[in-house]
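K.L.:
Following this line is input-v9.txt, made up of compact mmCIF, C-alpha atoms and all ligand atoms:
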# COMPACT_ATOMS: atom_id res chain seq x y z
CA MET W 8 8.13 -15.85 20.86
CA ARG W 9 6.08 -13.06 19.37
CA SER W 10 7.90 -9.82 18.94
CA ASN W 11 5.35 -7.94 21.05
CA SER W 12 5.39 -10.38 23.94
CA LEU W 13 7.61 -8.12 26.00
CA GLN W 14 5.87 -4.83 25.40
CA TYR W 15 5.50 -2.65 28.42
CA LYS W 16 3.00 0.11 28.89
CA GLU W 17 3.27 2.74 31.55
CA PHE W 18 0.12 3.20 33.58
CA ALA W 19 -1.01 5.70 36.17
CA PRO W 20 -0.55 4.17 39.60
CA GLN W 21 -3.66 2.54 41.02
CA GLU W 22 -4.43 0.65 44.19
CA ARG W 23 -7.32 -1.47 45.35
CA ARG W 24 -7.78 -1.88 49.08
CA SER W 25 -9.03 -4.84 51.04
CA ALA W 26 -12.06 -3.86 53.15
CA ALA W 27 -10.86 -6.19 55.90
CA THR W 28 -7.31 -4.97 56.37
CA GLY W 29 -7.12 -1.63 54.59
CA GLU W 30 -4.01 -3.04 52.88
CA ALA W 31 -3.77 -3.30 49.12
CA ALA W 32 -5.36 -6.54 47.93
CA VAL W 33 -3.77 -8.67 45.23
CA GLN W 34 -4.36 -6.76 42.06
CA ALA W 35 -5.26 -8.61 38.89
CA ARG W 36 -4.50 -7.17 35.48
CA ASP W 37 -6.43 -7.67 32.25
CA ASP W 38 -3.27 -8.66 30.41
CA VAL W 39 -3.08 -11.89 32.42
CA GLY W 40 -6.73 -12.66 31.55
CA PRO W 41 -7.82 -15.77 29.64
CA GLU W 42 -8.30 -14.20 26.21
CA HIS W 43 -4.88 -12.67 26.19
CA GLN W 44 -3.24 -15.87 27.41
CA ARG W 45 -5.09 -17.95 24.83
CA GLU W 46 -3.93 -15.72 22.00
CA GLU W 47 -0.33 -15.79 23.23
CA LEU W 48 -0.30 -19.58 23.63
CA LEU W 49 -1.80 -20.22 20.20
CA THR W 50 0.63 -17.87 18.49
CA GLY W 51 3.54 -19.76 20.05
CA LEU W 52 2.14 -23.23 19.37
CA HIS W 53 1.38 -22.48 15.72
CA ALA W 54 4.83 -20.98 15.03
CA VAL W 55 7.24 -22.78 12.68
CA GLU W 56 9.28 -23.71 15.76
CA PRO W 57 6.50 -24.24 18.33
CA SER W 58 7.04 -22.76 21.77
CA ILE W 59 5.20 -21.97 24.97
CA ASN W 60 6.45 -18.95 26.92
CA SER W 61 8.08 -20.18 30.13
CA LYS W 62 5.85 -17.90 32.20
CA PHE W 63 3.08 -20.50 31.64
CA PHE W 64 4.98 -22.88 33.94
CA TYR W 65 3.71 -20.95 36.92
CA ASP W 66 0.14 -21.97 37.63
CA SER W 67 -0.40 -23.14 41.22
CA ALA W 68 0.92 -26.66 40.57
CA GLY W 69 3.86 -25.29 38.56
CA SER W 70 4.78 -22.84 41.30
CA GLU W 71 4.74 -25.70 43.83
CA LEU W 72 6.91 -27.84 41.54
CA PHE W 73 9.34 -24.96 41.06
CA ALA W 74 9.56 -24.58 44.84
CA ARG W 75 10.56 -28.28 44.98
CA ILE W 76 13.14 -27.77 42.21
CA CYS W 77 14.74 -25.05 44.32
CA HIS W 78 15.51 -27.64 47.02
CA LEU W 79 16.87 -30.36 44.70
CA PRO W 80 20.51 -31.35 45.20
CA GLU W 81 21.28 -30.85 41.48
CA TYR W 82 19.69 -27.39 41.32
CA TYR W 83 22.59 -25.37 42.73
CA LEU W 84 21.14 -21.94 41.78
CA THR W 85 18.81 -21.30 44.72
CA ARG W 86 21.09 -22.38 47.54
CA THR W 87 24.12 -20.71 45.98
CA GLU W 88 22.29 -17.42 45.61
CA ALA W 89 20.78 -17.73 49.12
CA GLY W 90 24.31 -18.23 50.48
CA ILE W 91 25.56 -15.13 48.68
CA LEU W 92 22.64 -13.05 49.98
CA SER W 93 22.81 -14.20 53.56
CA ASP W 94 26.64 -14.14 53.82
CA ASN W 95 26.72 -10.59 52.47
CA SER W 96 23.42 -9.15 53.66
CA ARG W 97 25.02 -6.35 55.75
CA THR W 98 27.44 -5.30 53.01
CA ILE W 99 24.65 -5.48 50.46
CA ALA W 100 22.39 -3.25 52.60
CA ALA W 101 25.25 -0.78 53.16
CA THR W 102 26.01 -0.67 49.42
CA LEU W 103 22.36 -0.16 48.51
CA GLY W 104 21.78 2.67 51.05
CA THR W 105 18.28 3.81 51.99
CA VAL W 106 15.53 2.04 50.08
CA GLY W 107 11.86 3.11 50.28
CA SER W 108 10.32 0.30 48.29
CA VAL W 109 11.42 -3.05 46.92
CA ILE W 110 9.73 -4.34 43.77
CA GLU W 111 10.22 -8.02 42.95
CA PRO W 112 8.95 -9.39 39.62
CA GLY W 113 8.24 -13.15 39.64
CA ALA W 114 8.36 -13.19 43.44
CA GLY W 115 6.60 -16.59 43.78
CA GLY W 116 6.83 -17.63 47.43
CA CYS W 117 8.61 -14.39 48.46
CA GLU W 118 11.46 -16.44 49.96
CA LYS W 119 14.51 -14.60 48.71
CA ILE W 120 13.64 -11.14 50.00
CA ARG W 121 13.71 -12.59 53.54
CA HIS W 122 17.52 -12.67 53.39
CA LEU W 123 17.56 -8.89 53.07
CA LEU W 124 14.53 -7.52 54.92
CA LYS W 125 16.19 -7.21 58.32
CA ASP W 126 19.25 -5.29 57.12
CA LEU W 127 17.58 -3.37 54.30
CA ALA W 128 14.39 -2.43 56.21
CA PRO W 129 12.34 -1.01 53.30
CA GLY W 130 8.89 0.48 54.03
CA VAL W 131 7.13 -1.23 51.13
CA TYR W 132 7.52 -4.55 49.35
CA VAL W 133 5.74 -5.17 46.04
CA PRO W 134 5.96 -8.86 45.05
CA MET W 135 4.71 -9.49 41.50
CA ASP W 136 3.68 -12.80 39.98
CA ILE W 137 1.12 -14.24 37.59
CA SER W 138 0.08 -16.92 40.11
CA ALA W 139 -2.40 -14.97 42.29
CA ASP W 140 -3.21 -17.64 44.90
CA TYR W 141 0.40 -18.53 45.53
CA LEU W 142 1.36 -14.86 45.76
CA GLU W 143 -1.40 -13.95 48.21
CA ARG W 144 -0.52 -16.83 50.53
CA ALA W 145 3.14 -15.80 50.53
CA ALA W 146 2.23 -12.13 51.10
CA GLN W 147 0.04 -12.97 54.08
CA GLN W 148 2.85 -14.95 55.69
CA LEU W 149 5.29 -12.11 55.18
CA ARG W 150 2.88 -9.54 56.69
CA ALA W 151 2.53 -11.72 59.78
CA GLU W 152 6.32 -11.94 60.17
CA PHE W 153 7.30 -8.34 59.33
CA GLU W 154 4.61 -6.16 60.86
CA ALA W 155 6.23 -2.84 59.92
CA LEU W 156 6.43 -3.80 56.25
CA ARG W 157 3.67 -2.85 53.82
CA VAL W 158 3.28 -5.80 51.46
CA LEU W 159 1.46 -4.87 48.25
CA PRO W 160 1.23 -7.97 46.04
CA LEU W 161 0.53 -7.44 42.37
CA THR W 162 -0.72 -10.15 40.02
CA ALA W 163 0.81 -9.07 36.76
CA ASP W 164 2.67 -10.41 33.77
CA PHE W 165 5.89 -8.49 34.11
CA ASN W 166 6.88 -9.81 30.67
CA ARG W 167 4.36 -7.41 29.25
CA GLU W 168 3.44 -4.55 31.51
CA LEU W 169 4.50 -3.10 34.79
CA GLN W 170 1.95 -1.10 36.72
CA LEU W 171 3.01 -0.24 40.22
CA PRO W 172 0.86 0.71 43.18
CA GLY W 173 1.30 4.38 44.18
CA ALA W 174 3.10 3.37 47.40
CA ALA W 175 5.82 1.64 45.37
CA LEU W 176 6.68 4.91 43.69
CA GLN W 177 7.43 6.69 46.96
CA GLY W 178 11.00 6.81 48.23
CA ARG W 179 13.99 5.30 46.54
CA ARG W 180 13.10 2.20 44.54
CA LEU W 181 14.94 -1.08 44.36
CA LEU W 182 14.15 -3.65 41.72
CA PHE W 183 14.99 -7.01 43.25
CA TYR W 184 15.27 -9.64 40.55
CA PRO W 185 16.85 -12.77 42.02
CA GLY W 186 17.02 -16.40 40.90
CA SER W 187 18.56 -15.70 37.49
CA THR W 188 15.04 -15.22 36.16
CA ILE W 189 16.63 -12.68 33.83
CA GLY W 190 18.17 -15.74 32.14
CA ASN W 191 14.72 -16.82 30.98
CA PHE W 192 14.79 -13.89 28.56
CA THR W 193 17.07 -13.97 25.54
CA PRO W 194 19.91 -11.41 25.93
CA GLU W 195 18.05 -9.03 23.59
CA GLN W 196 14.83 -9.34 25.59
CA ALA W 197 16.77 -8.97 28.85
CA GLN W 198 18.31 -5.75 27.61
CA TRP W 199 14.94 -4.45 26.50
CA PHE W 200 13.36 -5.38 29.85
CA LEU W 201 16.15 -3.68 31.83
CA ARG W 202 15.93 -0.55 29.71
CA ARG W 203 12.19 -0.29 30.35
CA CYS W 204 12.73 -0.85 34.08
CA ALA W 205 15.38 1.89 34.20
CA LYS W 206 13.00 4.29 32.47
CA MET W 207 10.09 3.43 34.72
CA LEU W 208 12.00 3.51 38.03
CA GLY W 209 14.03 6.64 37.32
CA PRO W 210 17.57 7.93 38.04
CA GLY W 211 19.15 6.72 41.27
CA SER W 212 16.94 3.63 41.50
CA GLY W 213 18.69 0.36 42.26
CA LEU W 214 18.72 -3.10 40.74
CA LEU W 215 19.85 -6.11 42.76
CA ILE W 216 19.88 -9.04 40.39
CA GLY W 217 20.85 -12.71 40.50
CA VAL W 218 22.72 -13.88 37.42
CA ASP W 219 23.78 -17.48 36.80
CA LEU W 220 27.32 -17.79 35.42
CA HIS W 221 29.05 -19.98 32.82
CA LYS W 222 30.17 -23.35 34.12
CA ASP W 223 30.82 -26.93 33.15
CA SER W 224 28.10 -28.40 30.90
CA ALA W 225 27.75 -31.49 33.14
CA ILE W 226 26.69 -29.35 36.12
CA LEU W 227 24.13 -27.50 34.04
CA ASN W 228 22.77 -30.66 32.41
CA ALA W 229 22.32 -32.27 35.85
CA ALA W 230 20.59 -29.17 37.26
CA TYR W 231 17.86 -29.37 34.61
CA ASN W 232 17.59 -33.20 34.53
CA ASP W 233 17.26 -34.10 38.21
CA ALA W 234 17.20 -37.74 39.25
CA GLN W 235 13.77 -37.48 40.94
CA GLY W 236 12.12 -36.18 37.76
CA VAL W 237 10.75 -33.01 39.37
CA THR W 238 11.99 -30.82 36.52
CA ALA W 239 10.38 -33.22 34.02
CA ALA W 240 7.07 -32.93 35.91
CA PHE W 241 7.46 -29.14 36.01
CA ASN W 242 8.05 -29.12 32.25
CA ARG W 243 5.05 -31.35 31.48
CA ASN W 244 2.80 -29.40 33.84
CA ILE W 245 2.89 -26.52 31.37
CA LEU W 246 0.61 -28.66 29.17
CA HIS W 247 -1.97 -29.03 31.98
CA HIS W 248 -1.93 -25.26 32.26
CA ALA W 249 -2.30 -24.92 28.47
CA ASN W 250 -5.23 -27.39 28.55
CA ARG W 251 -7.13 -25.16 30.95
CA ILE W 252 -6.46 -21.95 29.05
CA LEU W 253 -7.17 -23.43 25.60
CA ASP W 254 -9.79 -25.99 26.60
CA ALA W 255 -7.41 -28.45 24.96
CA ASP W 256 -6.59 -32.14 25.37
CA PHE W 257 -2.80 -32.29 25.52
CA GLU W 258 -1.76 -35.63 27.09
CA PRO W 259 1.38 -34.59 29.01
CA GLN W 260 2.57 -38.21 29.27
CA ASN W 261 2.81 -38.26 25.45
CA PHE W 262 5.64 -35.69 25.64
CA GLU W 263 9.19 -36.34 26.85
CA HIS W 264 11.15 -33.84 28.93
CA LEU W 265 14.30 -32.70 27.11
CA ALA W 266 16.81 -30.30 28.71
CA PHE W 267 20.38 -29.66 27.56
CA TYR W 268 23.07 -27.01 27.71
CA ASN W 269 23.52 -25.35 24.32
CA LYS W 270 27.12 -24.30 24.89
CA PRO W 271 27.63 -22.06 21.82
CA GLN W 272 24.50 -20.09 22.78
CA HIS W 273 25.31 -20.12 26.54
CA ARG W 274 21.83 -21.34 27.44
CA VAL W 275 20.02 -24.35 28.83
CA GLU W 276 17.08 -25.21 26.60
CA MET W 277 14.00 -27.10 27.74
CA HIS W 278 11.67 -28.77 25.28
CA LEU W 279 8.75 -31.20 25.30
CA VAL W 280 9.21 -33.81 22.60
CA SER W 281 6.21 -35.67 21.24
CA SER W 282 6.77 -39.41 21.78
CA VAL W 283 4.00 -40.43 19.34
CA GLU W 284 2.19 -39.05 16.33
CA GLN W 285 -0.77 -37.20 17.82
CA THR W 286 -3.38 -34.53 17.28
CA VAL W 287 -4.23 -32.16 20.08
CA GLN W 288 -7.68 -30.59 19.91
CA TYR W 289 -8.41 -27.20 21.41
CA GLN W 290 -11.53 -25.08 21.33
CA GLY W 291 -11.58 -23.73 17.78
CA GLY W 292 -8.75 -25.77 16.24
CA ALA W 293 -6.18 -28.56 16.34
CA LEU W 294 -2.41 -29.07 16.46
CA GLY W 295 -0.67 -32.03 14.83
CA PHE W 296 2.60 -33.48 16.16
CA ALA W 297 4.73 -36.19 14.54
CA ALA W 298 6.83 -38.35 16.87
CA GLY W 299 9.97 -36.31 17.62
CA ASP W 300 8.34 -32.89 17.09
CA SER W 301 9.10 -30.58 19.93
CA ILE W 302 7.72 -27.57 21.75
CA ARG W 303 10.32 -25.26 23.28
CA THR W 304 9.31 -24.28 26.78
CA GLU W 305 12.33 -22.42 28.17
CA TYR W 306 15.70 -20.80 27.63
CA SER W 307 17.84 -20.32 30.70
CA CYS W 308 20.73 -18.10 29.60
CA LYS W 309 24.05 -18.08 31.45
CA TYR W 310 26.47 -15.13 31.44
CA SER W 311 30.00 -14.15 32.32
CA ARG W 312 30.08 -11.33 34.91
CA GLU W 313 31.56 -8.96 32.31
CA ASP W 314 29.00 -9.81 29.62
CA PHE W 315 26.13 -9.14 31.99
CA VAL W 316 27.62 -5.84 33.19
CA HIS W 317 27.92 -4.81 29.54
CA LEU W 318 24.35 -5.89 28.72
CA ALA W 319 23.00 -3.87 31.66
CA ALA W 320 25.18 -0.84 30.82
CA VAL W 321 23.65 -0.66 27.34
CA ALA W 322 20.22 -0.72 29.06
CA GLY W 323 21.15 2.30 31.24
CA TRP W 324 22.36 0.60 34.44
CA ARG W 325 25.77 1.32 36.02
CA ASN W 326 27.38 -1.60 37.85
CA LEU W 327 28.42 -0.78 41.43
CA ALA W 328 29.02 -4.16 43.04
CA CYS W 329 29.10 -7.89 42.48
CA TRP W 330 29.03 -10.70 45.02
CA THR W 331 29.68 -14.31 44.13
CA ASP W 332 30.23 -17.73 45.72
CA SER W 333 33.65 -19.35 46.14
CA GLN W 334 33.21 -21.46 42.96
CA GLU W 335 31.98 -18.43 40.96
CA TRP W 336 28.91 -20.36 39.84
CA PHE W 337 26.43 -17.57 40.56
CA SER W 338 26.54 -13.81 40.99
CA VAL W 339 24.43 -11.18 42.72
CA GLN W 340 25.07 -7.86 41.04
CA TYR W 341 24.10 -4.33 42.01
CA PHE W 342 23.37 -1.54 39.55
CA GLU W 343 21.90 1.95 39.62
CA VAL W 344 20.09 3.86 36.90
CA GLU W 345 22.55 6.37 35.39
C1 LIG S 401 12.93 -19.42 37.14
N1 LIG S 401 14.11 -19.80 36.38
C2 LIG S 401 15.24 -18.95 36.70
C3 LIG S 401 14.45 -21.23 36.43
C4 LIG S 401 15.72 -21.51 35.60
O1 LIG S 401 16.63 -22.14 36.15
O2 LIG S 401 15.82 -21.04 34.47
C5 LIG S 401 13.31 -22.09 35.92
C6 LIG S 401 13.66 -23.54 35.85
N2 LIG S 401 13.54 -24.29 34.79
C7 LIG S 401 13.92 -25.50 35.07
N3 LIG S 401 14.33 -25.54 36.31
C8 LIG S 401 14.16 -24.33 36.83
With the file now loaded, output its structure as structure tokens.
P.N.:
Amino acid sequence: MRSNSLQYKEFAPQERRSAATGEAAVQARDDVGPEHQREELLTGLHAVEPSINSKFFYDSAGSELFARICHLPEYYLTRTEAGILSDNSRTIAATLGTVGSVIEPGAGGCEKIRHLLKDLAPGVYVPMDISADYLERAAQQLRAEFEALRVLPLTADFNRELQLPGAALQGRRLLFYPGSTIGNFTPEQAQWFLRRCAKMLGPGSGLLIGVDLHKDSAILNAAYNDAQGVTAAFNRNILHHANRILDADFEPQNFEHLAFYNKPQHRVEMHLVSSVEQTVQYQGGALGFAAGDSIRTEYSCKYSREDFVHLAAVAGWRNLACWTDSQEWFSVQYFEVE
């Protein structure tokens, strides 16, 4: 990954309103535009150890596949976290206190916030994602269900920049970051991201975050190698997305899905391994792969509770609470900016 791929900039708040509803329309940012994405993809693919940033999983098809992954029997993360949130929603709301706005990076289908909306009752919800269509559909559904809630979806690459609508900066802010998406950063990137969030949100702001915990390798290996092959399809779909951005001719079926728990590094790694010798053409160049060459597509880092509390503390967040399931597979942790 390029060293600048997580740079944030702070922008003046801006909103665009839909003529039809008066509500903020999905906002698109230049940094998720085609030129920027092309440059980022090519930098990763031409690196000594080729990689594609895992954010490129989430085009429309990828977001749908991820939604299917979340319901797979092997993928314990979603249901375990949902159980923690729904079993503890009242205690969580009481611990968090009054919240004006909830900001959720990588919100996808806006499913997880539903566990908290009734008890937390924020005025504003800002779901962020790079998949605009998927986000807008989810936002519309949420507006219909929670009439008092202002839903201000933002199409943005939160890996790079975080520009919030003015309404999200009113009242006390809560960053809601479920799903162990933080695990898709390396620990160094995660710390950097959390530090920037603390600075942007300001003292007293909250962070409610889902963090996947250490566990037996067999459980992790099964979770990322499901029997139905949905995770494999999700992994390969990243090449369809790359084809569109690069005007390239990747043949996804010429790459094998590889996912394994790297125990010493406490992370699941996903790769796409070339099954044949092949040349992939893209507009303006070509990429050669020998059989066995691989493209890394994801890290999914796992933490102990203590290690994550320490990581967040260095980034300026004080731990106030932690909820977990009976097997201690997953944690939902609450922090405030010091
Ligand atoms: C989004 N993220 C937390 C998922 C994970 O488990 O790291 C993405 C995923 N990759 C394979 N399966 C799910």
K.L.:
Show me which residues line ligand LIG 401 (chain S), defined as having an atom within 6 Å of a ligand atom where only C-alpha atoms and all ligand atoms count, and present them as a PDB file with C-alpha atoms, in the coordinates of the input.
P.N.:
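This is the output file pocket28.pdb:
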ATOM      1  CA  GLY W 186      17.020 -16.400  40.900  1.00  0.00           C
ATOM      2  CA  SER W 187      18.560 -15.700  37.490  1.00  0.00           C
ATOM      3  CA  THR W 188      15.040 -15.220  36.160  1.00  0.00           C
ATOM      4  CA  ASN W 191      14.720 -16.820  30.980  1.00  0.00           C
ATOM      5  CA  TYR W 231      17.860 -29.370  34.610  1.00  0.00           C
ATOM      6  CA  THR W 238      11.990 -30.820  36.520  1.00  0.00           C
ATOM      7  CA  SER W 307      17.840 -20.320  30.700  1.00  0.00           C
TER       8      SER W 307
END
K.L.:
Enter the distance from CA of Asp140 in chain W to CA of Tyr65 in chain W, in Å, rounded to one decimal.
P.N.:
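Taking CA of Asp140 in chain W as the start and CA of Tyr65 in chain W as the end point, the length is 11.1 Å.
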K.L.:
Could you tell me how far CA of Tyr82 in chain W lies from CA of Ile110 in chain W, in Å and to one decimal?
P.N.:
25.2 Å
K.L.:
Using only C-alpha atoms, which of W:Val55, W:Val280, W:Leu253, W:Met207 sits nearest Ala266 in chain W?
P.N.:
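Of all the options, W:Val280 lies closest to Ala266 in chain W.
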K.L.:
Find the residues around Tyr132 in chain W up to 7 Å (all atoms listed in the file counted), leave out those fewer than 6 positions away in its own chain, and share them as a list in words.
P.N.:
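Skipping anything fewer than 6 positions along the chain leaves Ser108, Val109, Ile110, Arg157, Val158 and Leu159 of chain W.
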K.L.:
Between CA of Leu127 in chain W and CA of Leu208 in chain W, what distance in Å does the model show, to one decimal?
P.N.:
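Going from CA of Leu127 in chain W over to CA of Leu208 in chain W, I get 18.5 Å.
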K.L.:
Compile a residue-level contact table for range 164-245 of chain W against range 282-304 of chain W at a cut-off of 12 Å, reporting for every qualifying residue the shortest atom pair and its distance in Å to one decimal, with all atoms listed in the file counted, rows ordered by chain and ascending number, as CSV.
P.N.:
residue,atom,partner,partner_atom,distance
W:Asn191,CA,W:Thr304,CA,10.1
W:Phe192,CA,W:Thr304,CA,11.9
W:Ala239,CA,W:Thr304,CA,11.6
W:Phe241,CA,W:Thr304,CA,10.6
W:Asn242,CA,W:Thr304,CA,7.4
W:Arg243,CA,W:Thr304,CA,9.5
W:Asn244,CA,W:Thr304,CA,10.9
W:Ile245,CA,W:Thr304,CA,8.2
K.L.:
Let me see the file: selected residues, C-alpha atoms, as a PDB file, keeping the file's coordinate frame.
P.N.:
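Dumped to part.pdb:
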ATOM      1  CA  ASN W 191      14.720 -16.820  30.980  1.00  0.00           C
ATOM      2  CA  PHE W 192      14.790 -13.890  28.560  1.00  0.00           C
ATOM      3  CA  ALA W 239      10.380 -33.220  34.020  1.00  0.00           C
ATOM      4  CA  PHE W 241       7.460 -29.140  36.010  1.00  0.00           C
ATOM      5  CA  ASN W 242       8.050 -29.120  32.250  1.00  0.00           C
ATOM      6  CA  ARG W 243       5.050 -31.350  31.480  1.00  0.00           C
ATOM      7  CA  ASN W 244       2.800 -29.400  33.840  1.00  0.00           C
ATOM      8  CA  ILE W 245       2.890 -26.520  31.370  1.00  0.00           C
TER       9      ILE W 245
END
K.L.:
Nearest to Asp66 in chain W: which of W:Glu118, W:Thr85, W:Leu246, W:Leu92 is it, counting only C-alpha atoms?
P.N.:
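Checking each of W:Glu118, W:Thr85, W:Leu246, W:Leu92 against Asp66 in chain W, counting only C-alpha atoms, the winner is W:Leu246.
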K.L.:
From the options W:Val131, W:Cys329, W:Ala319, W:Leu103, which residue's atoms come nearest to Phe153 in chain W, counting all atoms listed in the file?
P.N.:
W:Val131
K.L.:
Looking at W:Asn250, W:Gln147, W:Asn326, W:Gln196, which one is nearest to Tyr306 in chain W, with distances taken over all atoms listed in the file?
P.N.:
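Ranked by minimum distance to Tyr306 in chain W, first place goes to W:Gln196.
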